[in-house]
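Quick look at query21.txt (compact mmCIF, C-alpha atoms):
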```
# COMPACT_ATOMS: atom_id res chain seq x y z
CA MET A 1 57.59 45.97 -0.95
CA ALA A 2 59.92 43.09 -0.30
CA ILE A 3 63.67 42.88 -0.85
CA MET A 4 65.30 39.79 -2.31
CA ASP A 5 68.95 38.76 -2.36
CA ILE A 6 69.69 36.13 -5.00
CA THR A 7 72.63 34.12 -6.34
CA VAL A 8 72.29 31.82 -9.34
CA ILE A 9 75.18 29.35 -9.52
CA PRO A 10 75.72 27.32 -12.70
CA ILE A 11 77.09 23.83 -11.96
CA GLY A 12 79.30 22.11 -14.54
CA THR A 13 80.98 25.16 -16.07
CA GLU A 14 84.45 23.75 -16.85
CA THR A 15 86.07 26.94 -15.50
CA PRO A 16 85.68 28.68 -12.14
CA SER A 17 84.54 31.94 -13.75
CA VAL A 18 80.82 32.69 -13.66
CA SER A 19 80.73 36.47 -14.27
CA GLU A 20 79.28 36.05 -17.78
CA TYR A 21 76.22 34.37 -16.23
CA VAL A 22 75.81 37.22 -13.76
CA ALA A 23 76.07 39.75 -16.60
CA ASP A 24 73.38 37.89 -18.58
CA ILE A 25 71.12 37.90 -15.52
CA HIS A 26 71.47 41.68 -15.32
CA LYS A 27 70.50 41.97 -18.98
CA VAL A 28 67.27 40.14 -18.08
CA LEU A 29 66.74 42.47 -15.10
CA LYS A 30 66.95 45.51 -17.38
CA LYS A 31 63.63 44.39 -18.88
CA TYR A 32 62.04 44.79 -15.43
CA GLU A 33 63.17 48.38 -14.90
CA GLY A 34 60.24 50.43 -13.63
CA LYS A 35 58.74 47.33 -12.01
CA VAL A 36 61.61 46.44 -9.66
CA LYS A 37 64.78 48.14 -8.42
CA TYR A 38 67.97 46.10 -8.47
CA GLN A 39 71.56 46.38 -7.45
CA LEU A 40 74.65 44.25 -8.05
CA THR A 41 76.85 43.52 -5.03
CA PRO A 42 80.13 41.56 -5.04
CA MET A 43 78.24 38.51 -3.75
CA SER A 44 74.71 38.63 -5.15
CA THR A 45 71.98 40.64 -6.80
CA LEU A 46 69.51 42.59 -4.66
CA ILE A 47 66.01 43.21 -6.04
CA GLU A 48 63.28 45.34 -4.46
CA GLY A 49 59.66 45.19 -5.49
CA ASP A 50 56.29 43.60 -5.04
CA LEU A 51 56.74 40.02 -3.79
CA LYS A 52 54.66 38.51 -6.61
CA GLU A 53 56.83 40.34 -9.16
CA LEU A 54 60.00 39.17 -7.38
CA LEU A 55 58.92 35.53 -7.68
CA VAL A 56 58.32 36.02 -11.41
CA VAL A 57 61.84 37.45 -11.69
CA VAL A 58 63.28 34.43 -9.79
CA GLY A 59 61.68 32.10 -12.31
CA GLU A 60 63.18 34.01 -15.19
CA ILE A 61 66.75 34.62 -14.01
CA HIS A 62 67.07 31.04 -12.71
CA GLU A 63 66.62 29.97 -16.38
CA VAL A 64 69.56 32.03 -17.66
CA PRO A 65 72.32 29.41 -17.20
CA PHE A 66 70.10 26.70 -18.76
CA GLN A 67 69.68 28.90 -21.84
CA LYS A 68 73.47 28.94 -22.11
CA GLY A 69 73.68 25.14 -22.09
CA ILE A 70 74.24 24.50 -18.38
CA GLN A 71 72.41 21.39 -17.05
CA ARG A 72 72.26 22.18 -13.32
CA VAL A 73 71.66 25.40 -11.41
CA ALA A 74 71.85 26.09 -7.66
CA THR A 75 69.90 29.22 -6.81
CA ASN A 76 69.99 30.76 -3.35
CA ILE A 77 67.49 33.36 -2.21
CA ARG A 78 66.93 35.45 0.89
CA ILE A 79 63.67 37.39 1.09
CA ASP A 80 63.20 40.19 3.63
CA ASP A 81 59.56 41.24 3.75
CA ARG A 82 58.48 43.84 6.29
CA ARG A 83 54.91 45.11 6.41
CA ASP A 84 54.61 47.34 9.48
CA LYS A 85 56.26 50.13 7.50
CA GLU A 86 57.61 50.76 4.02
CA SER A 87 60.95 48.97 3.76
CA THR A 88 63.41 49.80 0.98
CA MET A 89 67.04 48.99 0.22
CA GLU A 90 67.93 52.63 0.77
CA GLY A 91 65.96 52.89 4.02
CA LYS A 92 67.57 49.77 5.48
CA LEU A 93 71.08 51.08 4.87
CA ARG A 94 70.14 54.46 6.34
CA ALA A 95 68.68 52.89 9.51
CA VAL A 96 71.95 51.08 10.25
CA ASN A 97 74.18 54.03 9.30
CA GLU A 98 72.22 56.38 11.58
CA LYS A 99 72.76 54.02 14.50
CA LEU A 100 76.47 53.77 13.66
CA ALA A 101 76.77 57.57 13.60
CA ASN A 102 75.52 57.94 17.17
CA MET B 1 91.29 35.48 -0.01
CA ALA B 2 87.70 34.42 0.43
CA ILE B 3 84.59 36.57 0.45
CA MET B 4 81.77 35.96 2.92
CA ASP B 5 78.20 37.24 2.89
CA ILE B 6 76.54 37.02 6.33
CA THR B 7 73.22 37.80 7.98
CA VAL B 8 72.70 37.39 11.73
CA ILE B 9 68.98 37.31 12.58
CA PRO B 10 67.92 37.63 16.24
CA ILE B 11 64.77 35.60 16.98
CA GLY B 12 62.40 36.75 19.71
CA THR B 13 62.89 40.53 19.40
CA GLU B 14 59.36 41.76 20.21
CA THR B 15 59.53 44.26 17.33
CA PRO B 16 60.32 43.76 13.63
CA SER B 17 63.28 46.16 13.73
CA VAL B 18 66.74 44.62 13.85
CA SER B 19 68.96 47.50 12.65
CA GLU B 20 70.45 48.04 16.12
CA TYR B 21 71.83 44.48 16.00
CA VAL B 22 73.36 45.12 12.58
CA ALA B 23 74.94 48.34 13.86
CA ASP B 24 76.44 46.50 16.84
CA ILE B 25 77.88 43.87 14.51
CA HIS B 26 79.58 46.63 12.53
CA LYS B 27 81.08 47.98 15.75
CA VAL B 28 82.64 44.54 16.27
CA LEU B 29 83.90 44.51 12.67
CA LYS B 30 85.70 47.81 13.24
CA LYS B 31 88.06 45.91 15.55
CA TYR B 32 89.09 43.74 12.59
CA GLU B 33 90.02 46.64 10.30
CA GLY B 34 93.37 45.92 8.66
CA LYS B 35 92.71 42.17 8.89
CA VAL B 36 89.51 42.03 6.83
CA LYS B 37 87.61 44.37 4.51
CA TYR B 38 83.88 44.68 5.02
CA GLN B 39 80.92 46.36 3.47
CA LEU B 40 77.28 46.81 4.52
CA THR B 41 74.63 46.10 1.88
CA PRO B 42 70.85 46.51 2.31
CA MET B 43 70.58 42.74 2.86
CA SER B 44 73.77 41.55 4.55
CA THR B 45 77.36 42.25 5.47
CA LEU B 46 80.16 41.28 3.08
CA ILE B 47 83.58 40.47 4.50
CA GLU B 48 86.75 39.76 2.53
CA GLY B 49 89.81 38.16 4.03
CA ASP B 50 91.68 35.00 4.85
CA LEU B 51 89.17 32.16 5.35
CA LYS B 52 90.49 31.27 8.83
CA GLU B 53 90.07 34.90 9.89
CA LEU B 54 86.55 34.98 8.43
CA LEU B 55 85.52 31.98 10.52
CA VAL B 56 86.83 33.71 13.65
CA VAL B 57 84.75 36.76 12.70
CA VAL B 58 81.64 34.55 12.24
CA GLY B 59 82.05 33.20 15.75
CA GLU B 60 82.29 36.69 17.17
CA ILE B 61 79.48 38.49 15.32
CA HIS B 62 77.08 35.57 15.79
CA GLU B 63 77.41 36.26 19.55
CA VAL B 64 76.28 39.90 19.31
CA PRO B 65 72.52 39.33 19.69
CA PHE B 66 73.11 36.95 22.64
CA GLN B 67 75.12 39.69 24.38
CA LYS B 68 72.04 41.89 24.04
CA GLY B 69 69.80 39.33 25.74
CA ILE B 70 68.45 37.47 22.71
CA GLN B 71 68.07 33.69 23.25
CA ARG B 72 68.08 32.44 19.66
CA VAL B 73 70.04 33.49 16.59
CA ALA B 74 69.70 32.36 12.96
CA THR B 75 72.90 33.09 11.05
CA ASN B 76 73.13 32.63 7.30
CA ILE B 77 76.47 32.59 5.48
CA ARG B 78 77.59 32.32 1.88
CA ILE B 79 81.32 31.82 1.29
CA ASP B 80 82.84 32.36 -2.16
CA ASP B 81 86.41 31.07 -2.21
CA ARG B 82 88.33 31.15 -5.48
CA ARG B 83 91.97 30.04 -5.64
CA ASP B 84 92.98 30.03 -9.33
CA LYS B 85 93.40 33.79 -9.12
CA GLU B 86 93.15 36.58 -6.56
CA SER B 87 89.45 37.25 -5.98
CA THR B 88 88.28 40.44 -4.28
CA MET B 89 84.94 42.21 -3.79
CA GLU B 90 86.12 44.99 -6.08
CA GLY B 91 87.42 42.61 -8.75
CA LYS B 92 84.18 40.61 -8.83
CA LEU B 93 82.06 43.71 -9.40
CA ARG B 94 84.47 44.91 -12.12
CA ALA B 95 84.34 41.57 -13.97
CA VAL B 96 80.55 41.72 -14.24
CA ASN B 97 80.45 45.42 -15.09
CA GLU B 98 83.01 44.98 -17.88
CA LYS B 99 80.84 42.28 -19.43
CA LEU B 100 77.76 44.50 -19.12
CA ALA B 101 79.58 47.37 -20.86
CA ASN B 102 80.30 45.30 -23.98
CA MET C 1 61.72 18.36 -11.32
CA ALA C 2 63.48 20.76 -9.02
CA ILE C 3 64.12 20.42 -5.31
CA MET C 4 63.74 23.35 -2.95
CA ASP C 5 64.95 23.78 0.61
CA ILE C 6 63.12 26.54 2.48
CA THR C 7 63.08 28.20 5.89
CA VAL C 8 60.51 30.86 6.81
CA ILE C 9 61.63 32.83 9.87
CA PRO C 10 59.10 35.11 11.62
CA ILE C 11 60.79 38.21 13.09
CA GLY C 12 59.31 39.84 16.17
CA THR C 13 57.89 36.76 17.90
CA GLU C 14 58.44 37.70 21.57
CA THR C 15 59.68 34.18 22.29
CA PRO C 16 62.44 32.10 20.67
CA SER C 17 60.04 29.28 19.72
CA VAL C 18 58.89 29.14 16.11
CA SER C 19 57.67 25.52 15.79
CA GLU C 20 54.01 26.57 15.60
CA TYR C 21 54.81 28.52 12.43
CA VAL C 22 56.56 25.52 10.90
CA ALA C 23 53.57 23.32 11.77
CA ASP C 24 51.19 25.80 10.10
CA ILE C 25 53.37 25.80 6.99
CA HIS C 26 53.08 22.01 6.84
CA LYS C 27 49.29 22.31 7.07
CA VAL C 28 49.45 24.50 3.95
CA LEU C 29 51.72 21.97 2.23
CA LYS C 30 49.16 19.21 2.82
CA LYS C 31 46.92 21.00 0.31
CA TYR C 32 49.62 20.50 -2.35
CA GLU C 33 49.89 16.73 -1.85
CA GLY C 34 49.88 15.04 -5.25
CA LYS C 35 51.43 18.13 -6.85
CA VAL C 36 54.65 18.26 -4.82
CA LYS C 37 56.51 15.96 -2.42
CA TYR C 38 57.73 17.46 0.82
CA GLN C 39 59.74 16.47 3.84
CA LEU C 40 60.45 18.14 7.19
CA THR C 41 64.07 18.15 8.35
CA PRO C 42 65.36 19.55 11.67
CA MET C 43 66.51 22.69 9.83
CA SER C 44 64.10 23.30 6.95
CA THR C 45 61.40 21.97 4.68
CA LEU C 46 62.35 20.21 1.44
CA ILE C 47 59.90 20.31 -1.46
CA GLU C 48 60.23 18.48 -4.78
CA GLY C 49 58.19 19.32 -7.85
CA ASP C 50 57.85 21.38 -10.97
CA LEU C 51 59.73 24.67 -10.53
CA LYS C 52 56.69 26.81 -11.40
CA GLU C 53 54.66 24.97 -8.76
CA LEU C 54 57.46 25.40 -6.21
CA LEU C 55 57.45 29.18 -6.71
CA VAL C 56 53.68 29.22 -6.12
CA VAL C 57 54.26 27.28 -2.91
CA VAL C 58 56.95 29.79 -1.81
CA GLY C 59 54.48 32.63 -2.24
CA GLU C 60 51.91 30.83 -0.12
CA ILE C 61 54.01 29.55 2.77
CA HIS C 62 55.89 32.84 3.08
CA GLU C 63 52.49 34.39 3.96
CA VAL C 64 51.84 32.05 6.91
CA PRO C 65 53.53 34.13 9.64
CA PHE C 66 51.82 37.32 8.37
CA GLN C 67 48.44 35.57 8.71
CA LYS C 68 49.33 34.96 12.36
CA GLY C 69 50.02 38.66 12.98
CA ILE C 70 53.77 38.76 12.37
CA GLN C 71 54.97 41.95 10.60
CA ARG C 72 58.30 40.77 9.17
CA VAL C 73 59.41 37.49 7.63
CA ALA C 74 62.87 36.36 6.52
CA THR C 75 62.59 33.50 4.04
CA ASN C 76 65.63 31.58 2.83
CA ILE C 77 65.51 29.29 -0.18
CA ARG C 78 67.93 26.97 -1.94
CA ILE C 79 66.83 25.57 -5.30
CA ASP C 80 68.63 22.62 -6.87
CA ASP C 81 67.46 22.15 -10.46
CA ARG C 82 69.12 19.49 -12.59
CA ARG C 83 67.94 18.79 -16.12
CA ASP C 84 70.37 16.30 -17.67
CA LYS C 85 68.56 13.54 -15.78
CA GLU C 86 65.59 13.10 -13.47
CA SER C 87 66.64 14.35 -10.03
CA THR C 88 64.65 13.47 -6.93
CA MET C 89 65.16 13.76 -3.18
CA GLU C 90 65.37 9.98 -2.95
CA GLY C 91 67.77 9.67 -5.89
CA LYS C 92 70.13 12.29 -4.49
CA LEU C 93 70.42 10.53 -1.13
CA ARG C 94 70.97 7.19 -2.87
CA ALA C 95 73.77 8.58 -5.08
CA VAL C 96 75.73 9.75 -2.04
CA ASN C 97 75.04 6.63 0.01
CA GLU C 98 76.21 4.36 -2.82
CA LYS C 99 79.48 6.26 -2.99
CA LEU C 100 79.87 6.01 0.80
CA ALA C 101 79.27 2.22 0.67
CA ASN C 102 82.18 1.64 -1.73
CA MET D 1 74.45 23.13 21.23
CA ALA D 2 73.95 24.70 17.84
CA ILE D 3 72.68 23.10 14.65
CA MET D 4 74.25 23.86 11.28
CA ASP D 5 72.94 23.18 7.79
CA ILE D 6 75.69 23.27 5.16
CA THR D 7 76.12 22.84 1.41
CA VAL D 8 79.55 22.89 -0.24
CA ILE D 9 79.25 23.46 -4.00
CA PRO D 10 82.30 22.89 -6.21
CA ILE D 11 82.40 25.31 -9.18
CA GLY D 12 84.05 24.24 -12.43
CA THR D 13 83.28 20.51 -12.29
CA GLU D 14 82.79 19.77 -16.02
CA THR D 15 79.75 17.62 -15.20
CA PRO D 16 76.59 18.42 -13.22
CA SER D 17 77.18 15.58 -10.75
CA VAL D 18 78.58 16.51 -7.35
CA SER D 19 77.67 13.47 -5.22
CA GLU D 20 81.30 12.32 -5.00
CA TYR D 21 82.16 15.59 -3.25
CA VAL D 22 79.31 15.12 -0.79
CA ALA D 23 80.47 11.55 -0.09
CA ASP D 24 84.03 12.77 0.57
CA ILE D 25 82.68 15.38 2.97
CA HIS D 26 80.90 12.63 4.90
CA LYS D 27 84.16 10.68 5.12
CA VAL D 28 85.67 13.75 6.81
CA LEU D 29 82.68 14.00 9.14
CA LYS D 30 83.20 10.40 10.28
CA LYS D 31 86.40 11.61 11.98
CA TYR D 32 84.29 13.92 14.15
CA GLU D 33 81.94 11.19 15.42
CA GLY D 34 81.55 11.57 19.18
CA LYS D 35 82.17 15.31 18.91
CA VAL D 36 79.29 16.21 16.59
CA LYS D 37 76.14 14.50 15.29
CA TYR D 38 75.47 14.73 11.58
CA GLN D 39 72.83 13.74 9.10
CA LEU D 40 72.64 13.75 5.30
CA THR D 41 69.48 15.17 3.74
CA PRO D 42 68.69 15.34 0.01
CA MET D 43 69.71 19.01 -0.01
CA SER D 44 72.46 19.47 2.59
CA THR D 45 74.30 18.11 5.58
CA LEU D 46 73.05 18.88 9.10
CA ILE D 47 75.56 18.97 11.94
CA GLU D 48 74.78 19.38 15.66
CA GLY D 49 77.37 20.28 18.23
CA ASP D 50 79.22 22.97 20.08
CA LEU D 51 79.38 26.11 17.90
CA LYS D 52 83.19 26.35 18.13
CA GLU D 53 83.49 22.75 16.95
CA LEU D 54 81.02 23.41 14.11
CA LEU D 55 83.17 26.28 12.82
CA VAL D 56 86.21 24.00 12.84
CA VAL D 57 84.21 21.46 10.82
CA VAL D 58 83.18 24.17 8.31
CA GLY D 59 86.83 25.03 7.74
CA GLU D 60 87.68 21.40 7.10
CA ILE D 61 84.81 20.30 4.84
CA HIS D 62 84.99 23.50 2.79
CA GLU D 63 88.52 22.32 1.79
CA VAL D 64 87.36 18.98 0.39
CA PRO D 65 86.67 20.09 -3.21
CA PHE D 66 90.00 21.99 -3.31
CA GLN D 67 91.81 18.77 -2.31
CA LYS D 68 90.19 17.15 -5.36
CA GLY D 69 91.54 19.83 -7.72
CA ILE D 70 88.57 22.22 -7.78
CA GLN D 71 89.59 25.92 -7.86
CA ARG D 72 86.40 27.55 -6.55
CA VAL D 73 83.94 26.57 -3.85
CA ALA D 74 80.61 28.16 -2.87
CA THR D 75 79.67 27.14 0.67
CA ASN D 76 76.27 28.00 2.15
CA ILE D 77 75.59 27.73 5.86
CA ARG D 78 72.59 28.22 8.12
CA ILE D 79 73.24 28.18 11.87
CA ASP D 80 70.36 27.80 14.34
CA ASP D 81 71.60 28.50 17.85
CA ARG D 82 69.10 28.49 20.71
CA ARG D 83 70.22 29.00 24.30
CA ASP D 84 67.08 29.29 26.43
CA LYS D 85 66.79 25.50 26.34
CA GLU D 86 68.67 22.52 24.96
CA SER D 87 67.99 22.39 21.22
CA THR D 88 68.71 19.25 19.19
CA MET D 89 67.90 18.01 15.70
CA GLU D 90 65.64 15.36 17.21
CA GLY D 91 63.91 17.79 19.58
CA LYS D 92 63.18 20.28 16.81
CA LEU D 93 61.49 17.64 14.63
CA ARG D 94 59.48 16.40 17.63
CA ALA D 95 58.25 19.91 18.49
CA VAL D 96 56.82 20.40 15.00
CA ASN D 97 55.39 16.88 14.75
CA GLU D 98 53.61 17.23 18.11
CA LYS D 99 51.94 20.41 16.89
CA LEU D 100 50.94 18.70 13.64
CA ALA D 101 49.39 15.79 15.58
CA ASN D 102 47.02 18.06 17.47
```
The structure in this file should be written as C-alpha cells.
Amino acid sequence: MAIMDITVIPIGTETPSVSEYVADIHKVLKKYEGKVKYQLTPMSTLIEGDLKELLVVVGEIHEVPFQKGIQRVATNIRIDDRRDKESTMEGKLRAVNEKLAN
Amino acid sequence: MAIMDITVIPIGTETPSVSEYVADIHKVLKKYEGKVKYQLTPMSTLIEGDLKELLVVVGEIHEVPFQKGIQRVATNIRIDDRRDKESTMEGKLRAVNEKLAN
Amino acid sequence: MAIMDITVIPIGTETPSVSEYVADIHKVLKKYEGKVKYQLTPMSTLIEGDLKELLVVVGEIHEVPFQKGIQRVATNIRIDDRRDKESTMEGKLRAVNEKLAN
Amino acid sequence: MAIMDITVIPIGTETPSVSEYVADIHKVLKKYEGKVKYQLTPMSTLIEGDLKELLVVVGEIHEVPFQKGIQRVATNIRIDDRRDKESTMEGKLRAVNEKLAN
C-alpha cells in the first residue's frame, strides 16, 4: 500500500477560486471507493491504495479541469511508499501521536 | 493569511521510520502556538499564518533533523496564498464540502 | 505533450549520498528513448512526452530504489500539461528567455 | 549551501500562459547576483545559496504575481540541504554523470 498526496491546479481560471474543481475531483474519487481510501485536507487530497491503482487515479483526476474547459493543469504529487511493514494513513498519524504523547 | 503544507525528510536515517523526526517538529511548532495554527496530516504538516511568520517556521523546522545528527534534509513546501478574501484551513475545507453536498 | 519533473528519494540509505540511485534511474530512462525526452537537472529529472507514457515511467523509476534493497521511497512529481498549444521543454525556456531579452 | 527548486504559479490569470511571471521573477533574482546562484529550467527555477538568504528570496519572488494584480499564488518549493560536504548544483550534476559514465 502506498499513500499519495495530490493537488491539481487549473491554470487560466479567471477567478482565484478553485474549490469547484476540487469538488469535481472528489466526485471522481467516489467511483474508486472500495479500491482506494481517500481524504480531503485543506491543502490537498490524500489517497491510499495499491500504487498501480493510484497512478490510474492520477491519470483520471488530472483530466477533471480539462473536462471543464481549462487548457492547462499543474498537478503536484507526493508518493510515500513503505514496504518493510504495512503503512496506512491512520497508522502514520498514530505513530507520530504516540511519540508526541510520551 | 497564507497556508503552508510542509514535509521535512531526513536522508541517511539507517531505517525507513521517520516518525520521531515528525514528532520533534511538532514539539517545535508548539512554541509558535498563538502565532500560527497547525495540523498534522498522514502526509505532511499544514501551517496557517502570516507568510513572514511561516518562512521563519520553515527555517526552524528544517533544522530539526540536523539537530538529531542527520547530514542531509529534503524539505518540500506548498504555499497557498490568497488575498482577495480571508483564506483559512477551515474555510477551504468548508468550500469544497459545501459544493460536494449540493 | 506533458512535461513532468520528478524526484525519487530513497529513505533509509545509511549515508547522505543518493547519486547512485539517480544514475540508475537514468539507465531506466535510456530504455524509453524515442518515446520520451528527458533531462537531468541538479534537483530533479525532467521528462517530456505523452501523459499516459509519463505515468508508466513514474511507476518504473519509482521502483528503482526498492530493487536496490531500499524499503521506503518518497517520490515527488510536478506535471505541467498545456493543451491550447504544443508545449515542450525547449519552448518553455525560449518563451521566458525572449521575455527577459526585451 | 543549500539548493532550492521553486515554482510560483499565479492563479486566476485568464490565459494559460505564465511565462511573463517567470521572466519577472528572474528580474528580481538579478538583484541577488553575487549572493545566490540561479538557473532557469523548463519546469522551475533553481537557486543555490545560504539557506537564510534563500528564504528571503522565496518571500520576495512569491510576491511577484501579486504585484501584477494576481490575487492568489501557489508556490512549490523543494530544498536540498546537505552538510557533510559542500553541495552545489554543478557538483550534484557531476556526481550523477560520473556514475553514468562508468
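Distance annotation: of D:Ile47, D:Met1, D:Val18, D:Leu100, the residue with the minimal separation from Asp80 in chain C is D:Val18; atom set is only C-alpha atoms.
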Could you write out as a count of residues only the residues of chain D within 6 Å of chain A, counting all atoms listed in the file? 7
Separation of CA of Val22 in chain C and CA of Glu86 in chain C, in Å?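 If I compute the distance from CA of Val22 in chain C to CA of Glu86 in chain C, I get 28.8 Å.
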Closest of A:Lys35, A:Asn97, A:Ile6, A:Lys30 to Thr75 in chain C, counting only C-alpha atoms, is A:Ile6
Separation of CA of Ile61 in chain D from CA of Glu33 in chain D, in Å and rounded to one decimal: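 So the two atoms, CA of Ile61 in chain D and CA of Glu33 in chain D, lie 14.3 Å apart.
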Between CA of Glu48 in chain D and CA of Asp24 in chain C, distance in Å (one decimal):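 Separation of CA of Glu48 in chain D and CA of Asp24 in chain C: 25.1 Å.
Shell of Ile77 in chain A at 7 Å, with all atoms listed in the file counted and residues fewer than 3 places along the chain excluded, is Met4, Asp5, Ile6 and Thr7 of chain A; Asn76, Ile77 and Arg78 of chain C.
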Next, the residues of the selection above should be written as a PDB file, in the frame of the given file with C-alpha atoms.
```pdb
ATOM      1  CA  MET A   4      65.300  39.790  -2.310  1.00  0.00           C
ATOM      2  CA  ASP A   5      68.950  38.760  -2.360  1.00  0.00           C
ATOM      3  CA  ILE A   6      69.690  36.130  -5.000  1.00  0.00           C
ATOM      4  CA  THR A   7      72.630  34.120  -6.340  1.00  0.00           C
TER       5      THR A   7
ATOM      6  CA  ASN C  76      65.630  31.580   2.830  1.00  0.00           C
ATOM      7  CA  ILE C  77      65.510  29.290  -0.180  1.00  0.00           C
ATOM      8  CA  ARG C  78      67.930  26.970  -1.940  1.00  0.00           C
TER       9      ARG C  78
END
```
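Among the candidates A:His26, A:Gly59, A:Ser19, A:Pro42, the one nearest to Ala2 in chain C when counting all atoms listed in the file is A:Gly59.
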To test the calculation: enclose all listed atoms of range 36-46 of chain D in a box whose edges run along x, y and z, add 6 Å on each side, then state centre and edge lengths in Å to one decimal, as AutoDock Vina command-line options.
```
--center_x 74.0 --center_y 16.6 --center_z 8.3 --size_x 22.6 --size_y 17.7 --size_z 28.6
```
Kindly indicate which residue among A:Glu20, A:Leu40, A:Tyr32, A:Lys68 lies nearest to Met89 in chain B, using all atoms listed in the file for the distances.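 Checking each of A:Glu20, A:Leu40, A:Tyr32, A:Lys68 against Met89 in chain B, counting all atoms listed in the file, the winner is A:Leu40.
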